[in-house]
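Q: Let me give you the structure first, and then I'll get to my questions.
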Amino acid sequence: MTVLVNLIVTLGMLYVVPAGLRLIDPAGLRTAARLWPVPAALGALCLWLPRGIPATVLAVLYAAAALALATRAPARLLEARRRSRAGGAPPRTTVSGPAEVAVCTALVSPSIAATALVAERAGYRLFGFDLDILALTVPHFHFAGFTAALVAGLVCRAGASATATATAPGSATLSRWAAYSVPGGTLLVLLGYFVDDWAELAGAVVLTTGMWAVALLTWRDIRPGVRDRTTGALLGTSAAVLVATMLLALWWAAGEATGITHPTLTWMAATHGLGNALGFALCSVLAWRRLTVD
């Protein structure tokens, strides 16, 4: 399982995060996206080293970059609130309301992943968690945290633009729910680590409904308006994969809470984790990058 998790995290660090930053704000986050591969390479390297001082130092350097990125979130929220009060129209890359909440969640998520990474590489059971749980927190907050929140924000943002050419009844409400519930569900899952398995199950339910909303909006509203077949296929794949991978997440969380038979962590990494990393995150980022270029 370790090799597979490391490969998934490496993908998130080296490609998904910097590509996602360009989708959030091509101008404002241009420098951060351009420089990100440097600390990301250090973070990825530390995954393959034995636990100890060298691996911990590299993880700390990556965490410093992730924390610097997280500091961008409060400024964006304050700017969105200021513009809303002033009644001015926000720029294309700064959308007040639910989309901005989702985007800011994406900016903060790598810092949570990096904190867990530092503790795990140091062999320190942060808050008493097993090292295996800390290791799995790293991909979780690169993908369920960063990428899922990012895509939820992009889908919500697209609902108010020409990108969504087909607007079905309830789409606006559904896109707002997705933009709020994906960050909210991710936070609830995190809190569930500290409370109990039932709280984590509640978070999984909220997160799953939000991700299924993202999948539905992507398939129904965004994909049909895309002329390029490759982009359409990437969007369709990301939406279809979410249905299966989030069902697995619900199954696992329900099993932990109730004791019913459920997949092992190794099996979840090979199915839910790999599917979300390649089928959802990578396909989504590639598709939205193509949409941005077009």
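Note on naming: chains are A, B, ... as they come in the structure tokens, residues start from 1 per chain, ligands start from 1 in the order shown.
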Which region 47-69 of chain A residues have any atom within 12 Å of an atom of region 6-10 of chain A, and for each, what is the nearest pair of atoms with distance in Å to one decimal, counting only C-alpha atoms, rows sorted by chain and number, as JSON lines?
A:
{"residue": "A:Leu47", "atom": "CA", "partner": "A:Asn6", "partner_atom": "CA", "distance": 6.2}
{"residue": "A:Trp48", "atom": "CA", "partner": "A:Asn6", "partner_atom": "CA", "distance": 7.5}
{"residue": "A:Leu49", "atom": "CA", "partner": "A:Asn6", "partner_atom": "CA", "distance": 10.9}
Q: Tell me, counting only C-alpha atoms, for each residue of region 16-93 of chain A within 9 Å of region 112-135 of chain A, which pair of atoms is nearest and how far apart they are in Å to one decimal, in rows ordered by chain and increasing number, as JSON lines.
A:
{"residue": "A:Gly43", "atom": "CA", "partner": "A:Ala114", "partner_atom": "CA", "distance": 8.4}
{"residue": "A:Cys46", "atom": "CA", "partner": "A:Arg121", "partner_atom": "CA", "distance": 7.6}
{"residue": "A:Leu47", "atom": "CA", "partner": "A:Arg121", "partner_atom": "CA", "distance": 7.7}
{"residue": "A:Leu49", "atom": "CA", "partner": "A:Arg121", "partner_atom": "CA", "distance": 8.6}
{"residue": "A:Pro50", "atom": "CA", "partner": "A:Arg121", "partner_atom": "CA", "distance": 7.8}
{"residue": "A:Arg51", "atom": "CA", "partner": "A:Arg121", "partner_atom": "CA", "distance": 4.8}
{"residue": "A:Gly52", "atom": "CA", "partner": "A:Ala122", "partner_atom": "CA", "distance": 5.5}
{"residue": "A:Ile53", "atom": "CA", "partner": "A:Ala122", "partner_atom": "CA", "distance": 6.8}
{"residue": "A:Ala55", "atom": "CA", "partner": "A:Arg121", "partner_atom": "CA", "distance": 5.9}
{"residue": "A:Thr56", "atom": "CA", "partner": "A:Arg121", "partner_atom": "CA", "distance": 5.2}
{"residue": "A:Val57", "atom": "CA", "partner": "A:Val118", "partner_atom": "CA", "distance": 8.1}
{"residue": "A:Leu58", "atom": "CA", "partner": "A:Val118", "partner_atom": "CA", "distance": 8.5}
{"residue": "A:Ala59", "atom": "CA", "partner": "A:Val118", "partner_atom": "CA", "distance": 5.1}
{"residue": "A:Val60", "atom": "CA", "partner": "A:Val118", "partner_atom": "CA", "distance": 5.9}
{"residue": "A:Tyr62", "atom": "CA", "partner": "A:Ala114", "partner_atom": "CA", "distance": 6.8}
{"residue": "A:Ala63", "atom": "CA", "partner": "A:Ala114", "partner_atom": "CA", "distance": 4.8}
{"residue": "A:Ala64", "atom": "CA", "partner": "A:Ala114", "partner_atom": "CA", "distance": 8.5}
{"residue": "A:Ala66", "atom": "CA", "partner": "A:Ala114", "partner_atom": "CA", "distance": 6.8}
{"residue": "A:Leu67", "atom": "CA", "partner": "A:Ala114", "partner_atom": "CA", "distance": 8.4}
Q: Neighbouring residues of Thr231 (chain A) were defined as those with any atom within 9 Å, considering only C-alpha atoms; residues of the same chain fewer than 5 positions away were excluded. Please report them as a PDB file with all heavy atoms, in the first residue's frame.
A:
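Output below, filename part-v6.pdb:
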ATOM      1  N   ARG A 223     -20.543  19.256 -19.569  1.00  0.00           N
ATOM      2  CA  ARG A 223     -20.046  18.377 -20.643  1.00  0.00           C
ATOM      3  C   ARG A 223     -20.765  18.564 -21.977  1.00  0.00           C
ATOM      4  O   ARG A 223     -20.101  18.617 -23.024  1.00  0.00           O
ATOM      5  CB  ARG A 223     -20.142  16.923 -20.188  1.00  0.00           C
ATOM      6  CG  ARG A 223     -19.614  15.895 -21.175  1.00  0.00           C
ATOM      7  CD  ARG A 223     -19.898  14.481 -20.675  1.00  0.00           C
ATOM      8  NE  ARG A 223     -21.316  14.270 -20.455  1.00  0.00           N
ATOM      9  CZ  ARG A 223     -22.163  13.874 -21.406  1.00  0.00           C
ATOM     10  NH1 ARG A 223     -21.723  13.663 -22.634  1.00  0.00           N
ATOM     11  NH2 ARG A 223     -23.443  13.700 -21.136  1.00  0.00           N
ATOM     12  N   VAL A 226     -19.383  21.272 -24.399  1.00  0.00           N
ATOM     13  CA  VAL A 226     -17.981  21.219 -24.806  1.00  0.00           C
ATOM     14  C   VAL A 226     -17.877  20.623 -26.204  1.00  0.00           C
ATOM     15  O   VAL A 226     -18.377  19.526 -26.461  1.00  0.00           O
ATOM     16  CB  VAL A 226     -17.162  20.371 -23.805  1.00  0.00           C
ATOM     17  CG1 VAL A 226     -15.723  20.237 -24.276  1.00  0.00           C
ATOM     18  CG2 VAL A 226     -17.212  21.013 -22.422  1.00  0.00           C
ATOM     19  N   GLY A 236     -16.567  13.611 -18.713  1.00  0.00           N
ATOM     20  CA  GLY A 236     -17.456  12.478 -18.515  1.00  0.00           C
ATOM     21  C   GLY A 236     -16.834  11.413 -17.623  1.00  0.00           C
ATOM     22  O   GLY A 236     -17.504  10.843 -16.751  1.00  0.00           O
ATOM     23  N   CYS A 283      -8.233  13.731 -14.436  1.00  0.00           N
ATOM     24  CA  CYS A 283      -9.109  14.010 -15.577  1.00  0.00           C
ATOM     25  C   CYS A 283      -9.779  15.376 -15.448  1.00  0.00           C
ATOM     26  O   CYS A 283      -9.907  16.113 -16.431  1.00  0.00           O
ATOM     27  CB  CYS A 283     -10.158  12.916 -15.717  1.00  0.00           C
ATOM     28  SG  CYS A 283      -9.522  11.353 -16.340  1.00  0.00           S
ATOM     29  N   LEU A 286      -7.130  18.220 -16.045  1.00  0.00           N
ATOM     30  CA  LEU A 286      -6.795  18.265 -17.473  1.00  0.00           C
ATOM     31  C   LEU A 286      -7.946  18.881 -18.277  1.00  0.00           C
ATOM     32  O   LEU A 286      -7.718  19.707 -19.169  1.00  0.00           O
ATOM     33  CB  LEU A 286      -6.489  16.865 -17.985  1.00  0.00           C
ATOM     34  CG  LEU A 286      -5.171  16.239 -17.531  1.00  0.00           C
ATOM     35  CD1 LEU A 286      -5.095  14.778 -17.976  1.00  0.00           C
ATOM     36  CD2 LEU A 286      -3.981  17.018 -18.097  1.00  0.00           C
ATOM     37  N   ALA A 287      -9.175  18.481 -17.957  1.00  0.00           N
ATOM     38  CA  ALA A 287     -10.329  18.999 -18.692  1.00  0.00           C
ATOM     39  C   ALA A 287     -10.509  20.500 -18.468  1.00  0.00           C
ATOM     40  O   ALA A 287     -10.707  21.264 -19.431  1.00  0.00           O
ATOM     41  CB  ALA A 287     -11.593  18.255 -18.256  1.00  0.00           C
ATOM     42  N   TRP A 288     -10.420  20.944 -17.218  1.00  0.00           N
ATOM     43  CA  TRP A 288     -10.610  22.366 -16.931  1.00  0.00           C
ATOM     44  C   TRP A 288      -9.471  23.208 -17.466  1.00  0.00           C
ATOM     45  O   TRP A 288      -9.674  24.367 -17.853  1.00  0.00           O
ATOM     46  CB  TRP A 288     -10.807  22.583 -15.431  1.00  0.00           C
ATOM     47  CG  TRP A 288     -12.189  22.211 -14.989  1.00  0.00           C
ATOM     48  CD1 TRP A 288     -12.582  21.026 -14.449  1.00  0.00           C
ATOM     49  CD2 TRP A 288     -13.364  23.007 -15.076  1.00  0.00           C
ATOM     50  NE1 TRP A 288     -13.929  21.039 -14.185  1.00  0.00           N
ATOM     51  CE2 TRP A 288     -14.435  22.249 -14.560  1.00  0.00           C
ATOM     52  CE3 TRP A 288     -13.615  24.305 -15.540  1.00  0.00           C
ATOM     53  CZ2 TRP A 288     -15.739  22.734 -14.501  1.00  0.00           C
ATOM     54  CZ3 TRP A 288     -14.913  24.797 -15.474  1.00  0.00           C
ATOM     55  CH2 TRP A 288     -15.951  24.015 -14.961  1.00  0.00           C
ATOM     56  N   ARG A 290      -7.970  22.529 -20.297  1.00  0.00           N
ATOM     57  CA  ARG A 290      -8.312  22.631 -21.718  1.00  0.00           C
ATOM     58  C   ARG A 290      -9.438  23.639 -21.932  1.00  0.00           C
ATOM     59  O   ARG A 290      -9.422  24.396 -22.907  1.00  0.00           O
ATOM     60  CB  ARG A 290      -8.688  21.263 -22.265  1.00  0.00           C
ATOM     61  CG  ARG A 290      -7.517  20.260 -22.314  1.00  0.00           C
ATOM     62  CD  ARG A 290      -8.003  18.873 -22.686  1.00  0.00           C
ATOM     63  NE  ARG A 290      -8.449  18.821 -24.050  1.00  0.00           N
ATOM     64  CZ  ARG A 290      -7.685  18.509 -25.096  1.00  0.00           C
ATOM     65  NH1 ARG A 290      -6.390  18.252 -24.918  1.00  0.00           N
ATOM     66  NH2 ARG A 290      -8.173  18.481 -26.316  1.00  0.00           N
ATOM     67  N   LEU A 291     -10.416  23.649 -21.027  1.00  0.00           N
ATOM     68  CA  LEU A 291     -11.494  24.615 -21.136  1.00  0.00           C
ATOM     69  C   LEU A 291     -10.977  26.047 -20.974  1.00  0.00           C
ATOM     70  O   LEU A 291     -11.429  26.969 -21.644  1.00  0.00           O
ATOM     71  CB  LEU A 291     -12.558  24.338 -20.069  1.00  0.00           C
ATOM     72  CG  LEU A 291     -13.462  23.134 -20.277  1.00  0.00           C
ATOM     73  CD1 LEU A 291     -14.337  22.894 -19.061  1.00  0.00           C
ATOM     74  CD2 LEU A 291     -14.321  23.320 -21.526  1.00  0.00           C
TER      75      LEU A 291
END
Q: Excluding region 187-193 of chain A and any residue of its chain fewer than 2 positions from it, enumerate the residues within 10 Å of it, using only C-alpha atoms, and give them as a PyMOL selection string.
A: chain A and resi 105+109+112+127+129+133+137+140-141+145+181-185+195-207+253
Q: Skip region 96-100 of chain A itself and residues of its chain fewer than 6 positions away, then list as a count of residues only all residues within 6 Å of it, counting only C-alpha atoms.
A: 7
Q: Enumerate the residues of region 37-235 of chain A with a DSSP assignment of alpha helix (DSSP H), computed from the backbone, and present them as an MDAnalysis selection string.
A: chainID A and resid 37:47 53:70 72:86 98:122 131:140 148:158 171:194 197:217 229:235
Q: Which residues are close to region 267-279 of chain A, i.e. within 9 Å by only C-alpha atoms, leaving aside same-chain residues fewer than 4 positions away? Reply as a PDB file with N, CA and C atoms, in the first residue's frame.
A:
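So the final result, stored in around23.pdb, reads:
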ATOM      1  N   MET A   1       0.819  -1.208   0.000  1.00  0.00           N
ATOM      2  CA  MET A   1       0.000   0.000   0.000  1.00  0.00           C
ATOM      3  C   MET A   1       0.854   1.259   0.000  1.00  0.00           C
ATOM      4  N   LEU A   4       1.847   2.553  -3.509  1.00  0.00           N
ATOM      5  CA  LEU A   4       0.704   3.121  -4.231  1.00  0.00           C
ATOM      6  C   LEU A   4       0.332   4.492  -3.670  1.00  0.00           C
ATOM      7  N   VAL A   5       0.271   4.608  -2.352  1.00  0.00           N
ATOM      8  CA  VAL A   5      -0.065   5.896  -1.737  1.00  0.00           C
ATOM      9  C   VAL A   5       0.979   6.948  -2.093  1.00  0.00           C
ATOM     10  N   ILE A   8       0.418   8.185  -5.610  1.00  0.00           N
ATOM     11  CA  ILE A   8      -0.746   9.063  -5.672  1.00  0.00           C
ATOM     12  C   ILE A   8      -0.413  10.450  -5.125  1.00  0.00           C
ATOM     13  N   VAL A   9       0.287  10.488  -3.987  1.00  0.00           N
ATOM     14  CA  VAL A   9       0.658  11.778  -3.388  1.00  0.00           C
ATOM     15  C   VAL A   9       1.620  12.538  -4.290  1.00  0.00           C
ATOM     16  N   LEU A  11       1.802  12.476  -7.522  1.00  0.00           N
ATOM     17  CA  LEU A  11       0.999  13.066  -8.598  1.00  0.00           C
ATOM     18  C   LEU A  11       0.319  14.338  -8.116  1.00  0.00           C
ATOM     19  N   GLY A  12      -0.260  14.278  -6.928  1.00  0.00           N
ATOM     20  CA  GLY A  12      -0.944  15.455  -6.401  1.00  0.00           C
ATOM     21  C   GLY A  12      -0.010  16.618  -6.169  1.00  0.00           C
ATOM     22  N   LEU A 136      -2.215   8.365   5.266  1.00  0.00           N
ATOM     23  CA  LEU A 136      -3.382   8.433   4.383  1.00  0.00           C
ATOM     24  C   LEU A 136      -4.036   9.816   4.400  1.00  0.00           C
ATOM     25  N   PRO A 139      -2.690  12.051   1.120  1.00  0.00           N
ATOM     26  CA  PRO A 139      -3.426  12.053  -0.142  1.00  0.00           C
ATOM     27  C   PRO A 139      -4.861  12.548   0.011  1.00  0.00           C
ATOM     28  N   HIS A 140      -5.458  12.279   1.168  1.00  0.00           N
ATOM     29  CA  HIS A 140      -6.850  12.696   1.356  1.00  0.00           C
ATOM     30  C   HIS A 140      -6.996  14.202   1.188  1.00  0.00           C
ATOM     31  N   PHE A 143      -6.419  15.491  -2.451  1.00  0.00           N
ATOM     32  CA  PHE A 143      -7.446  15.172  -3.427  1.00  0.00           C
ATOM     33  C   PHE A 143      -8.854  15.491  -2.922  1.00  0.00           C
ATOM     34  N   ALA A 144      -9.298  14.865  -1.808  1.00  0.00           N
ATOM     35  CA  ALA A 144     -10.613  15.206  -1.254  1.00  0.00           C
ATOM     36  C   ALA A 144     -10.621  16.651  -0.770  1.00  0.00           C
ATOM     37  N   LEU A 234     -12.893  13.603 -20.890  1.00  0.00           N
ATOM     38  CA  LEU A 234     -12.273  13.789 -19.581  1.00  0.00           C
ATOM     39  C   LEU A 234     -13.309  14.199 -18.540  1.00  0.00           C
ATOM     40  N   THR A 237     -15.551  11.164 -17.830  1.00  0.00           N
ATOM     41  CA  THR A 237     -14.849  10.178 -17.006  1.00  0.00           C
ATOM     42  C   THR A 237     -14.803  10.611 -15.548  1.00  0.00           C
ATOM     43  N   SER A 238     -14.467  11.876 -15.321  1.00  0.00           N
ATOM     44  CA  SER A 238     -14.372  12.371 -13.937  1.00  0.00           C
ATOM     45  C   SER A 238     -15.714  12.267 -13.227  1.00  0.00           C
ATOM     46  N   ALA A 239     -16.808  12.546 -13.950  1.00  0.00           N
ATOM     47  CA  ALA A 239     -18.135  12.472 -13.335  1.00  0.00           C
ATOM     48  C   ALA A 239     -18.522  11.028 -13.028  1.00  0.00           C
ATOM     49  N   ALA A 240     -18.263  10.132 -13.980  1.00  0.00           N
ATOM     50  CA  ALA A 240     -18.639   8.731 -13.794  1.00  0.00           C
ATOM     51  C   ALA A 240     -17.841   8.080 -12.665  1.00  0.00           C
ATOM     52  N   VAL A 241     -16.553   8.393 -12.596  1.00  0.00           N
ATOM     53  CA  VAL A 241     -15.697   7.799 -11.569  1.00  0.00           C
ATOM     54  C   VAL A 241     -16.167   8.195 -10.171  1.00  0.00           C
ATOM     55  N   LEU A 242     -16.623   9.446 -10.016  1.00  0.00           N
ATOM     56  CA  LEU A 242     -17.055   9.909  -8.694  1.00  0.00           C
ATOM     57  C   LEU A 242     -18.201   9.081  -8.126  1.00  0.00           C
ATOM     58  N   ALA A 244     -18.758   5.906  -8.388  1.00  0.00           N
ATOM     59  CA  ALA A 244     -18.253   4.661  -7.806  1.00  0.00           C
ATOM     60  C   ALA A 244     -17.339   4.899  -6.615  1.00  0.00           C
ATOM     61  N   THR A 245     -16.394   5.835  -6.753  1.00  0.00           N
ATOM     62  CA  THR A 245     -15.410   6.023  -5.686  1.00  0.00           C
ATOM     63  C   THR A 245     -16.037   6.559  -4.404  1.00  0.00           C
ATOM     64  N   MET A 246     -17.027   7.434  -4.539  1.00  0.00           N
ATOM     65  CA  MET A 246     -17.662   7.969  -3.336  1.00  0.00           C
ATOM     66  C   MET A 246     -18.606   6.956  -2.699  1.00  0.00           C
ATOM     67  N   LEU A 247     -19.139   6.036  -3.502  1.00  0.00           N
ATOM     68  CA  LEU A 247     -19.918   4.946  -2.928  1.00  0.00           C
ATOM     69  C   LEU A 247     -19.020   4.061  -2.059  1.00  0.00           C
ATOM     70  N   LEU A 248     -17.795   3.847  -2.528  1.00  0.00           N
ATOM     71  CA  LEU A 248     -16.825   3.094  -1.735  1.00  0.00           C
ATOM     72  C   LEU A 248     -16.501   3.824  -0.431  1.00  0.00           C
ATOM     73  N   ALA A 249     -16.382   5.145  -0.506  1.00  0.00           N
ATOM     74  CA  ALA A 249     -16.099   5.933   0.699  1.00  0.00           C
ATOM     75  C   ALA A 249     -17.220   5.786   1.722  1.00  0.00           C
ATOM     76  N   TRP A 252     -17.002   2.286   3.307  1.00  0.00           N
ATOM     77  CA  TRP A 252     -15.940   2.166   4.300  1.00  0.00           C
ATOM     78  C   TRP A 252     -16.307   2.890   5.595  1.00  0.00           C
ATOM     79  N   PRO A 263     -14.353  -2.659   3.030  1.00  0.00           N
ATOM     80  CA  PRO A 263     -13.009  -2.820   2.462  1.00  0.00           C
ATOM     81  C   PRO A 263     -11.918  -2.460   3.461  1.00  0.00           C
ATOM     82  N   CYS A 283      -8.233  13.731 -14.436  1.00  0.00           N
ATOM     83  CA  CYS A 283      -9.109  14.010 -15.577  1.00  0.00           C
ATOM     84  C   CYS A 283      -9.779  15.376 -15.448  1.00  0.00           C
ATOM     85  N   SER A 284     -10.209  15.720 -14.240  1.00  0.00           N
ATOM     86  CA  SER A 284     -10.864  17.023 -14.028  1.00  0.00           C
ATOM     87  C   SER A 284      -9.918  18.182 -14.301  1.00  0.00           C
TER      88      SER A 284
END
Q: What is the distance between CA of Pro224 (chain A) and CA of Ala148 (chain A), in Å to one decimal?
A: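 Interatomic distance here is 21.1 Å.
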Q: Rounded to one decimal, what separation in Å do you get between CA of Ala233 (chain A) and CA of Leu14 (chain A)?
A: 23.5 Å
Q: Find the distance between CA of Leu282 (chain A) and CA of Ala152 (chain A) and write it in Å to one decimal.
A: 14.5 Å
Q: Give me the residues near Ser175 (chain A) as a PyMOL selection string, where near means some atom within 12 Å (using only C-alpha atoms) and where sequence neighbours in that chain fewer than 6 positions away do not count.
A: chain A and resi 97-99+102+151-160+164+167-169+181-182+209-218+220-222
